file final_13.cif (mmCIF, C-alpha atoms)
data_work
#
loop_
_atom_site.label_atom_id
_atom_site.label_comp_id
_atom_site.auth_asym_id
_atom_site.auth_seq_id
_atom_site.Cartn_x
_atom_site.Cartn_y
_atom_site.Cartn_z
CA MET A 1 -28.03 -178.40 -37.61
CA LEU A 2 -29.60 -175.17 -36.47
CA ASN A 3 -29.15 -174.41 -32.80
CA VAL A 4 -32.63 -173.32 -31.77
CA GLU A 5 -32.79 -171.99 -28.22
CA PRO A 6 -35.95 -172.62 -26.21
CA ALA A 7 -38.27 -169.67 -25.94
CA ARG A 8 -37.55 -167.55 -22.91
CA SER A 9 -40.38 -166.67 -20.51
CA GLU A 10 -40.28 -163.01 -21.52
CA ASP A 11 -40.72 -164.01 -25.17
CA ARG A 12 -43.84 -166.01 -24.33
CA ASP A 13 -45.28 -162.99 -22.55
CA HIS A 14 -46.04 -161.25 -25.83
CA ASP A 15 -49.49 -160.95 -27.35
CA LYS A 16 -50.05 -161.74 -31.02
CA ASP A 17 -49.64 -158.07 -31.96
CA GLY A 18 -46.19 -157.96 -30.34
CA SER A 19 -47.21 -156.03 -27.24
CA ILE A 20 -45.84 -157.12 -23.85
CA ARG A 21 -48.67 -158.46 -21.72
CA ALA A 22 -47.00 -157.79 -18.37
CA ILE A 23 -46.61 -154.08 -19.13
CA SER A 24 -50.21 -153.83 -20.30
CA ARG A 25 -51.44 -155.47 -17.12
CA GLY A 26 -49.25 -153.28 -14.94
CA LEU A 27 -50.61 -150.15 -16.58
CA ARG A 28 -54.20 -151.37 -16.17
CA VAL A 29 -53.59 -151.98 -12.47
CA LEU A 30 -52.12 -148.50 -12.01
CA GLN A 31 -55.10 -146.99 -13.82
CA ALA A 32 -57.53 -148.95 -11.65
CA ILE A 33 -55.82 -147.76 -8.46
CA ASN A 34 -55.73 -144.22 -9.78
CA ARG A 35 -59.46 -144.28 -10.50
CA GLY A 36 -60.32 -145.80 -7.13
CA GLY A 37 -57.89 -143.86 -4.98
CA SER A 38 -57.78 -146.68 -2.43
CA ILE A 39 -59.11 -150.10 -3.48
CA THR A 40 -59.01 -153.79 -2.57
CA MET A 41 -57.30 -156.54 -4.53
CA MET A 42 -60.65 -157.88 -5.74
CA GLN A 43 -61.61 -154.42 -7.03
CA ILE A 44 -58.28 -154.23 -8.83
CA CYS A 45 -58.97 -157.61 -10.47
CA ARG A 46 -62.39 -156.53 -11.69
CA GLN A 47 -61.39 -153.10 -12.93
CA ALA A 48 -58.15 -154.22 -14.57
CA ASP A 49 -59.81 -157.41 -15.88
CA ILE A 50 -57.00 -159.72 -14.79
CA PRO A 51 -56.89 -162.92 -12.67
CA TYR A 52 -56.33 -162.64 -8.91
CA PRO A 53 -52.88 -164.32 -8.88
CA THR A 54 -51.72 -162.00 -11.67
CA ALA A 55 -53.01 -158.96 -9.83
CA CYS A 56 -51.09 -160.04 -6.71
CA ARG A 57 -47.84 -160.35 -8.68
CA VAL A 58 -48.35 -156.99 -10.37
CA ILE A 59 -49.10 -155.28 -7.04
CA GLU A 60 -46.01 -156.86 -5.44
CA THR A 61 -43.90 -155.49 -8.29
CA LEU A 62 -45.42 -152.00 -8.07
CA ILE A 63 -44.88 -151.98 -4.30
CA LYS A 64 -41.24 -153.00 -4.80
CA GLU A 65 -40.82 -150.17 -7.33
CA GLY A 66 -42.39 -147.70 -4.90
CA MET A 67 -45.35 -146.83 -7.11
CA VAL A 68 -48.00 -148.44 -4.87
CA GLU A 69 -48.35 -148.99 -1.14
CA ARG A 70 -50.66 -151.01 1.08
CA GLU A 71 -52.60 -149.09 3.70
CA PRO A 72 -51.30 -149.98 7.17
CA ALA A 73 -54.65 -150.71 8.81
CA ARG A 74 -56.51 -152.52 6.03
CA LYS A 75 -56.05 -154.57 2.89
CA ARG A 76 -56.38 -151.71 0.43
CA TYR A 77 -53.85 -150.33 -2.03
CA ARG A 78 -53.12 -146.79 -3.15
CA ALA A 79 -50.68 -145.00 -5.40
CA THR A 80 -47.67 -143.19 -3.93
CA ALA A 81 -46.30 -139.78 -4.82
CA LEU A 82 -43.71 -141.53 -6.99
CA VAL A 83 -46.30 -142.03 -9.74
CA ARG A 84 -46.02 -138.30 -10.39
CA THR A 85 -42.66 -138.99 -11.99
CA LEU A 86 -44.53 -140.70 -14.83
CA SER A 87 -46.07 -137.37 -15.84
CA VAL A 88 -42.95 -135.18 -15.74
CA GLY A 89 -42.83 -133.21 -18.96
CA PHE A 90 -46.59 -133.35 -19.50
CA GLN A 91 -47.75 -130.12 -17.88
CA ASP A 92 -49.47 -128.54 -20.88
CA GLU A 93 -52.79 -128.45 -19.03
CA ASP A 94 -51.59 -126.25 -16.16
CA ALA A 95 -52.74 -123.05 -17.90
CA LEU A 96 -56.14 -124.61 -18.63
CA VAL A 97 -56.60 -125.50 -14.96
CA ALA A 98 -55.48 -122.09 -13.72
CA VAL A 99 -57.75 -120.22 -16.13
CA SER A 100 -60.73 -122.52 -15.56
CA ARG A 101 -60.69 -122.64 -11.77
CA PRO A 102 -62.65 -119.46 -10.94
CA HIS A 103 -65.19 -120.22 -13.65
CA ILE A 104 -65.94 -123.77 -12.51
CA VAL A 105 -66.14 -122.63 -8.89
CA ALA A 106 -68.71 -119.99 -9.86
CA LEU A 107 -70.75 -122.53 -11.84
CA CYS A 108 -70.64 -124.98 -8.92
CA HIS A 109 -71.84 -122.30 -6.49
CA LYS A 110 -74.67 -121.31 -8.82
CA HIS A 111 -76.16 -124.79 -9.27
CA GLY A 112 -74.74 -126.73 -6.33
CA TRP A 113 -73.58 -129.67 -8.44
CA PRO A 114 -69.88 -130.50 -8.92
CA VAL A 115 -68.12 -129.37 -12.09
CA SER A 116 -64.96 -130.83 -13.60
CA ILE A 117 -62.38 -130.15 -16.29
CA ALA A 118 -61.04 -133.17 -18.21
CA THR A 119 -58.51 -133.61 -20.99
CA ARG A 120 -57.69 -136.55 -23.21
CA VAL A 121 -54.87 -138.89 -22.25
CA GLY A 122 -54.61 -141.74 -24.74
CA HIS A 123 -57.96 -143.51 -24.89
CA SER A 124 -59.17 -141.99 -21.61
CA MET A 125 -60.34 -138.66 -20.26
CA MET A 126 -58.42 -137.50 -17.20
CA VAL A 127 -59.85 -135.17 -14.57
CA ARG A 128 -57.58 -132.15 -14.29
CA ASP A 129 -59.61 -130.16 -11.77
CA SER A 130 -63.00 -130.43 -10.09
CA THR A 131 -65.20 -128.79 -7.47
CA HIS A 132 -66.37 -131.97 -5.74
CA LYS A 133 -64.87 -130.81 -2.44
CA LEU A 134 -66.87 -127.55 -2.61
CA THR A 135 -70.32 -129.12 -2.52
CA SER A 136 -72.23 -131.67 -0.47
CA LEU A 137 -74.02 -132.84 -3.63
CA THR A 138 -71.42 -135.45 -4.43
CA LEU A 139 -70.77 -139.09 -3.56
CA HIS A 140 -67.00 -139.06 -4.08
CA HIS A 141 -64.21 -136.51 -4.19
CA TYR A 142 -62.48 -137.02 -7.53
CA ALA A 143 -58.86 -135.90 -7.37
CA PRO A 144 -56.93 -134.76 -10.44
CA GLY A 145 -55.65 -137.80 -12.30
CA TYR A 146 -58.86 -139.84 -12.15
CA THR A 147 -59.48 -141.39 -15.57
CA LEU A 148 -62.55 -142.58 -17.47
CA PRO A 149 -62.86 -144.49 -20.77
CA ILE A 150 -63.28 -141.88 -23.49
CA ILE A 151 -66.53 -143.31 -24.87
CA GLU A 152 -68.05 -144.02 -21.44
CA CYS A 153 -68.25 -140.43 -20.22
CA SER A 154 -69.86 -137.26 -21.49
CA SER A 155 -66.48 -135.48 -21.45
CA GLY A 156 -65.03 -138.07 -23.82
CA LYS A 157 -68.01 -137.98 -26.16
CA ALA A 158 -67.80 -134.18 -26.37
CA TYR A 159 -64.07 -134.39 -27.05
CA LEU A 160 -64.48 -137.01 -29.78
CA ALA A 161 -67.23 -135.04 -31.47
CA PHE A 162 -65.26 -131.79 -31.67
CA CYS A 163 -61.64 -132.87 -32.18
CA ASP A 164 -60.29 -132.78 -35.74
CA GLU A 165 -60.75 -135.71 -38.08
CA ALA A 166 -57.14 -136.88 -37.93
CA GLU A 167 -57.11 -137.03 -34.13
CA ARG A 168 -60.51 -138.75 -34.06
CA ALA A 169 -59.36 -141.36 -36.57
CA ALA A 170 -56.24 -142.08 -34.49
CA ILE A 171 -58.30 -142.48 -31.30
CA LEU A 172 -60.82 -144.79 -32.93
CA SER A 173 -58.06 -146.84 -34.56
CA GLY A 174 -56.46 -147.33 -31.16
CA LEU A 175 -59.75 -148.32 -29.55
CA LYS A 176 -60.23 -151.06 -32.13
CA ARG A 177 -56.96 -152.69 -31.05
CA ILE A 178 -58.00 -152.89 -27.38
CA ASP A 179 -60.17 -155.81 -26.32
CA GLY A 180 -61.95 -154.39 -23.28
CA PRO A 181 -65.64 -153.94 -22.45
CA ALA A 182 -65.56 -150.16 -22.85
CA GLU A 183 -63.66 -150.44 -26.12
CA ARG A 184 -66.08 -153.05 -27.50
CA LEU A 185 -68.95 -150.73 -26.62
CA ALA A 186 -67.11 -147.93 -28.41
CA GLY A 187 -67.05 -150.03 -31.56
CA LEU A 188 -70.80 -150.50 -31.39
CA LEU A 189 -71.57 -146.85 -30.65
CA LEU A 190 -69.18 -145.47 -33.25
CA HIS A 191 -69.89 -147.79 -36.18
CA ASP A 192 -71.12 -144.66 -37.95
CA ASP A 193 -71.02 -140.90 -37.26
CA THR A 194 -74.62 -140.56 -36.05
CA MET A 195 -73.91 -140.08 -32.36
CA LEU A 196 -71.01 -137.68 -32.85
CA SER A 197 -72.94 -135.69 -35.48
CA THR A 198 -75.81 -135.28 -33.01
CA ILE A 199 -73.40 -134.02 -30.36
CA ARG A 200 -71.84 -131.53 -32.79
CA ALA A 201 -75.28 -130.27 -33.81
CA SER A 202 -76.49 -129.81 -30.22
CA GLY A 203 -73.16 -128.58 -28.84
CA TYR A 204 -73.12 -130.87 -25.81
CA ALA A 205 -72.83 -134.54 -24.82
CA THR A 206 -74.58 -136.53 -22.11
CA GLN A 207 -73.92 -139.72 -20.19
CA ALA A 208 -76.72 -141.22 -18.13
CA ARG A 209 -75.75 -143.31 -15.10
CA ASN A 210 -71.98 -143.19 -15.45
CA SER A 211 -70.51 -146.69 -15.20
CA TYR A 212 -66.80 -146.06 -14.66
CA THR A 213 -66.94 -144.00 -11.47
CA ALA A 214 -66.41 -144.66 -7.78
CA VAL A 215 -70.19 -145.09 -7.50
CA PRO A 216 -71.25 -146.82 -10.75
CA GLY A 217 -74.70 -145.88 -12.00
CA LYS A 218 -75.36 -143.25 -9.34
CA THR A 219 -74.48 -140.12 -11.32
CA SER A 220 -75.12 -138.66 -14.76
CA SER A 221 -73.28 -135.86 -16.54
CA ILE A 222 -73.45 -133.24 -19.26
CA SER A 223 -70.35 -131.90 -21.03
CA VAL A 224 -69.38 -129.22 -23.51
CA PRO A 225 -66.04 -128.85 -25.32
CA LEU A 226 -63.32 -126.40 -24.29
CA PHE A 227 -61.29 -124.67 -26.98
CA LYS A 228 -58.18 -122.55 -27.26
CA GLY A 229 -58.73 -120.76 -30.53
CA ASP A 230 -59.94 -123.40 -32.97
CA GLN A 231 -58.25 -126.29 -31.17
CA ILE A 232 -60.10 -128.39 -28.61
CA ARG A 233 -58.27 -128.57 -25.28
CA GLY A 234 -60.66 -130.60 -23.14
CA SER A 235 -64.19 -130.79 -21.83
CA LEU A 236 -66.23 -129.11 -19.11
CA ALA A 237 -68.71 -131.35 -17.27
CA LEU A 238 -71.43 -130.92 -14.68
CA ILE A 239 -72.24 -134.05 -12.67
CA PHE A 240 -75.55 -134.68 -10.89
CA PHE A 241 -77.29 -137.52 -9.08
CA ALA A 242 -79.03 -139.72 -11.64
CA ALA A 243 -82.03 -140.12 -9.33
CA ALA A 244 -82.38 -136.36 -8.84
CA MET A 245 -83.79 -135.57 -12.28
CA PRO A 246 -84.20 -136.96 -15.81
CA MET A 247 -81.55 -136.03 -18.35
CA ALA A 248 -83.96 -133.83 -20.36
CA ARG A 249 -84.58 -131.69 -17.27
CA ALA A 250 -80.85 -131.43 -16.57
CA VAL A 251 -80.18 -130.32 -20.14
CA THR A 252 -82.78 -127.57 -19.80
CA LEU A 253 -81.33 -126.39 -16.49
CA PHE A 254 -77.60 -126.58 -17.11
CA VAL A 255 -76.57 -126.54 -20.78
CA ASP A 256 -76.82 -122.77 -21.31
CA ASP A 257 -74.66 -122.06 -18.26
CA LEU A 258 -72.18 -124.76 -19.25
CA ARG A 259 -71.81 -123.15 -22.67
CA ALA A 260 -71.43 -119.69 -21.17
CA THR A 261 -68.76 -120.98 -18.77
CA ALA A 262 -66.91 -122.74 -21.60
CA ASP A 263 -67.02 -119.56 -23.68
CA ALA A 264 -65.60 -117.54 -20.79
CA ILE A 265 -62.76 -120.05 -20.29
CA THR A 266 -62.01 -120.03 -24.03
CA ALA A 267 -61.89 -116.23 -24.01
CA ASP A 268 -59.46 -116.20 -21.07
CA LEU A 269 -57.25 -118.82 -22.73
#
call {"tool": "encode", "arguments": {"input": "final_13.cif", "output": "structure tokens"}}
result
Amino acid sequence: MLNVEPARSEDRDHDKDGSIRAISRGLRVLQAINRGGSITMMQICRQADIPYPTACRVIETLIKEGMVEREPARKRYRATALVRTLSVGFQDEDALVAVSRPHIVALCHKHGWPVSIATRVGHSMMVRDSTHKLTSLTLHHYAPGYTLPIIECSSGKAYLAFCDEAERAAILSGLKRIDGPAERLAGLLLHDDTMLSTIRASGYATQARNSYTAVPGKTSSISVPLFKGDQIRGSLALIFFAAAMPMARAVTLFVDDLRATADAITADL
């Protein structure tokens, strides 16, 4: 007779595709905290799309590991400096940030609106540098490391439109395997090449009323790609209050200067 051992708890924690659910949830919680900077447990549940008891267990584990801490005076959670150890060895964007800084500061001073540099990390766009602290025309100071779903921000759309076909295919293939609201929307928007072809033809991408920000729906953005030679390195975005002007007006006012700034950064790279 075969000696069949009962399934262990860690074996039952696998999804049908073989991925480990606990790790996926832990990563989603870390991403949610990273985006929010300092957020409540309920906000973590909503943004990570996991049940409250699960979120509590994940947070307890991350606190034990030193990656997350609870603020002393209130029930909010934030990442610790230890999370930086997760990015050791991935410093390829340092030169991009150093070269871009004076250019984005100049563009911010010219128009008053914040400007950011973002690069792709997996299926997200990560803010590498921004000028939010240099202007009063902002609702939140986005620190480097803040991430946005690649198809839910103008930076991601610009990146997808101008990256090479092999990279784009790999990104889209990965998005199809993720069952999240942003990823389902990506499937609808990218069922053909119409949107990305339009972005390539115009040279810029837009996102009206950004959803995945600290102030959902309050801001809109316009982005252009950043290149080093023929290879895309990231995106340059200008962010403005959605109520301040319609997108068509913003395109007229800002796109030419965004392109000129991107060209200057490319030349310096």
call {"tool": "resolve_selection", "arguments": {"input": "final_13.cif", "expression": "the PyMOL selection byres ((chain A and resi 35-51) around 12)", "output": "ChimeraX atom specification"}}
result
/A:21-22,24-34,52-60,68-71,74-80,124-127,140-149,179-182,211-216
call {"tool": "residues_around", "arguments": {"input": "final_13.cif", "residues": "Cys153 (chain A)", "least_positions_apart": "4", "cutoff": "8 Å", "atoms": "all atoms listed in the file", "output": "short mmCIF file (atom, residue, chain, number, x, y, z; two decimals) with C-alpha atoms, in the coordinates of the input"}}
result
data_model
loop_
_atom_site.label_atom_id
_atom_site.label_comp_id
_atom_site.auth_asym_id
_atom_site.auth_seq_id
_atom_site.Cartn_x
_atom_site.Cartn_y
_atom_site.Cartn_z
CA LEU A 148 -62.55 -142.58 -17.47
CA PRO A 149 -62.86 -144.49 -20.77
CA LYS A 157 -68.01 -137.98 -26.16
CA THR A 206 -74.58 -136.53 -22.11
CA GLN A 207 -73.92 -139.72 -20.19
CA ASN A 210 -71.98 -143.19 -15.45
CA SER A 221 -73.28 -135.86 -16.54
#
call {"tool": "closest_residue", "arguments": {"input": "final_13.cif", "among": "A:Ser197, A:Thr61, A:Ser155, A:Thr219", "to": "Leu137 (chain A)", "atoms": "only C-alpha atoms"}}
result
A:Thr219
call {"tool": "closest_residue", "arguments": {"input": "final_13.cif", "among": "A:Ile222, A:Ala118, A:Arg209, A:Ala158", "to": "Arg249 (chain A)", "atoms": "all atoms listed in the file"}}
result
A:Ile222
call {"tool": "resolve_selection", "arguments": {"input": "final_13.cif", "expression": "the PyMOL selection byres ((chain A and resi 224) around 8)", "output": "list in words"}}
result
Ser155, Ala158, Gly203, Tyr204, Ala205, Ile222, Ser223, Pro225, Leu226, Ser235, Leu236, Ala237, Leu258, Arg259 and Ala262 of chain A
call {"tool": "resolve_selection", "arguments": {"input": "final_13.cif", "expression": "the PyMOL selection byres ((chain A and resi 240) around 6)", "output": "short mmCIF file (atom, residue, chain, number, x, y, z; two decimals) with C-alpha atoms, in the frame of the given file"}}
result
data_model
loop_
_atom_site.label_atom_id
_atom_site.label_comp_id
_atom_site.auth_asym_id
_atom_site.auth_seq_id
_atom_site.Cartn_x
_atom_site.Cartn_y
_atom_site.Cartn_z
CA TRP A 113 -73.58 -129.67 -8.44
CA THR A 219 -74.48 -140.12 -11.32
CA SER A 220 -75.12 -138.66 -14.76
CA ILE A 239 -72.24 -134.05 -12.67
CA PHE A 241 -77.29 -137.52 -9.08
#
call {"tool": "closest_residue", "arguments": {"input": "final_13.cif", "among": "A:Ile150, A:Ala243, A:Ala201, A:Cys108", "to": "Ser136 (chain A)", "atoms": "all atoms listed in the file"}}
result
A:Cys108
call {"tool": "atom_distance", "arguments": {"input": "final_13.cif", "atom1": "CA of Val105 (chain A)", "atom2": "CA of Thr85 (chain A)"}}
result
28.8 Å
call {"tool": "closest_residue", "arguments": {"input": "final_13.cif", "among": "A:Ile20, A:Ala242, A:Ala81, A:Ala95", "to": "Ile265 (chain A)", "atoms": "only C-alpha atoms"}}
result
A:Ala95
call {"tool": "atom_distance", "arguments": {"input": "final_13.cif", "atom1": "CA of Thr266 (chain A)", "atom2": "CA of Pro102 (chain A)"}}
result
13.1 Å
call {"tool": "atom_distance", "arguments": {"input": "final_13.cif", "atom1": "CA of Met67 (chain A)", "atom2": "CA of Arg84 (chain A)"}}
result
9.2 Å
call {"tool": "residues_around", "arguments": {"input": "final_13.cif", "residues": "Asp257 (chain A)", "least_positions_apart": "6", "cutoff": "10 Å", "atoms": "all atoms listed in the file", "output": "PyMOL selection string"}}
result
chain A and resi 107+110-111+263
call {"tool": "closest_residue", "arguments": {"input": "final_13.cif", "among": "A:Gly229, A:Gly112, A:Pro246, A:Gly66", "to": "Val83 (chain A)", "atoms": "all atoms listed in the file"}}
result
A:Gly66
call {"tool": "axis_aligned_box", "arguments": {"input": "final_13.cif", "around": "region 236-243 of chain A", "padding_each_side": "3 Å", "output": "JSON"}}
result
{"center_x": -74.1, "center_y": -134.6, "center_z": -14.1, "size_x": 21.8, "size_y": 17.0, "size_z": 16.0}
call {"tool": "residues_around", "arguments": {"input": "final_13.cif", "residues": "Glu93 (chain A)", "least_positions_apart": "6", "cutoff": "10 Å", "atoms": "all atoms listed in the file", "output": "list in words"}}
result
Ala118, Thr119, Arg128, Arg233 and Gly234 of chain A
call {"tool": "build_atoms", "arguments": {"input": "final_13.cif", "residues": "region 156-176 of chain A", "atoms": "N, CA and C atoms", "output": "short mmCIF file (atom, residue, chain, number, x, y, z; two decimals), in the coordinates of the input"}}
result
data_model
loop_
_atom_site.label_atom_id
_atom_site.label_comp_id
_atom_site.auth_asym_id
_atom_site.auth_seq_id
_atom_site.Cartn_x
_atom_site.Cartn_y
_atom_site.Cartn_z
N GLY A 156 -65.67 -137.40 -22.69
CA GLY A 156 -65.03 -138.07 -23.82
C GLY A 156 -65.83 -137.96 -25.09
N LYS A 157 -67.15 -138.10 -24.98
CA LYS A 157 -68.01 -137.98 -26.16
C LYS A 157 -67.92 -136.57 -26.75
N ALA A 158 -67.92 -135.56 -25.88
CA ALA A 158 -67.80 -134.18 -26.37
C ALA A 158 -66.46 -133.98 -27.05
N TYR A 159 -65.40 -134.54 -26.46
CA TYR A 159 -64.07 -134.39 -27.05
C TYR A 159 -64.02 -135.06 -28.42
N LEU A 160 -64.50 -136.29 -28.51
CA LEU A 160 -64.48 -137.01 -29.78
C LEU A 160 -65.26 -136.30 -30.86
N ALA A 161 -66.38 -135.70 -30.48
CA ALA A 161 -67.23 -135.04 -31.47
C ALA A 161 -66.57 -133.79 -32.05
N PHE A 162 -65.78 -133.09 -31.24
CA PHE A 162 -65.26 -131.79 -31.67
C PHE A 162 -63.77 -131.76 -31.99
N CYS A 163 -63.05 -132.87 -31.77
CA CYS A 163 -61.64 -132.87 -32.18
C CYS A 163 -61.57 -132.99 -33.70
N ASP A 164 -60.39 -132.73 -34.28
CA ASP A 164 -60.29 -132.78 -35.74
C ASP A 164 -60.31 -134.22 -36.23
N GLU A 165 -60.55 -134.38 -37.51
CA GLU A 165 -60.75 -135.71 -38.08
C GLU A 165 -59.54 -136.62 -37.92
N ALA A 166 -58.35 -136.07 -38.05
CA ALA A 166 -57.14 -136.88 -37.93
C ALA A 166 -56.99 -137.43 -36.51
N GLU A 167 -57.22 -136.58 -35.52
CA GLU A 167 -57.11 -137.03 -34.13
C GLU A 167 -58.20 -138.06 -33.82
N ARG A 168 -59.40 -137.81 -34.30
CA ARG A 168 -60.51 -138.75 -34.06
C ARG A 168 -60.21 -140.11 -34.68
N ALA A 169 -59.69 -140.11 -35.89
CA ALA A 169 -59.36 -141.36 -36.57
C ALA A 169 -58.29 -142.13 -35.79
N ALA A 170 -57.31 -141.42 -35.25
CA ALA A 170 -56.24 -142.08 -34.49
C ALA A 170 -56.79 -142.68 -33.20
N ILE A 171 -57.70 -141.96 -32.54
CA ILE A 171 -58.30 -142.48 -31.30
C ILE A 171 -59.11 -143.73 -31.58
N LEU A 172 -59.95 -143.67 -32.61
CA LEU A 172 -60.82 -144.79 -32.93
C LEU A 172 -60.01 -146.00 -33.39
N SER A 173 -58.93 -145.75 -34.12
CA SER A 173 -58.06 -146.84 -34.56
C SER A 173 -57.44 -147.54 -33.35
N GLY A 174 -57.04 -146.75 -32.37
CA GLY A 174 -56.46 -147.33 -31.16
C GLY A 174 -57.48 -148.12 -30.36
N LEU A 175 -58.70 -147.62 -30.29
CA LEU A 175 -59.75 -148.32 -29.55
C LEU A 175 -60.04 -149.69 -30.15
N LYS A 176 -59.95 -149.79 -31.46
CA LYS A 176 -60.23 -151.06 -32.13
C LYS A 176 -59.21 -152.13 -31.78
#
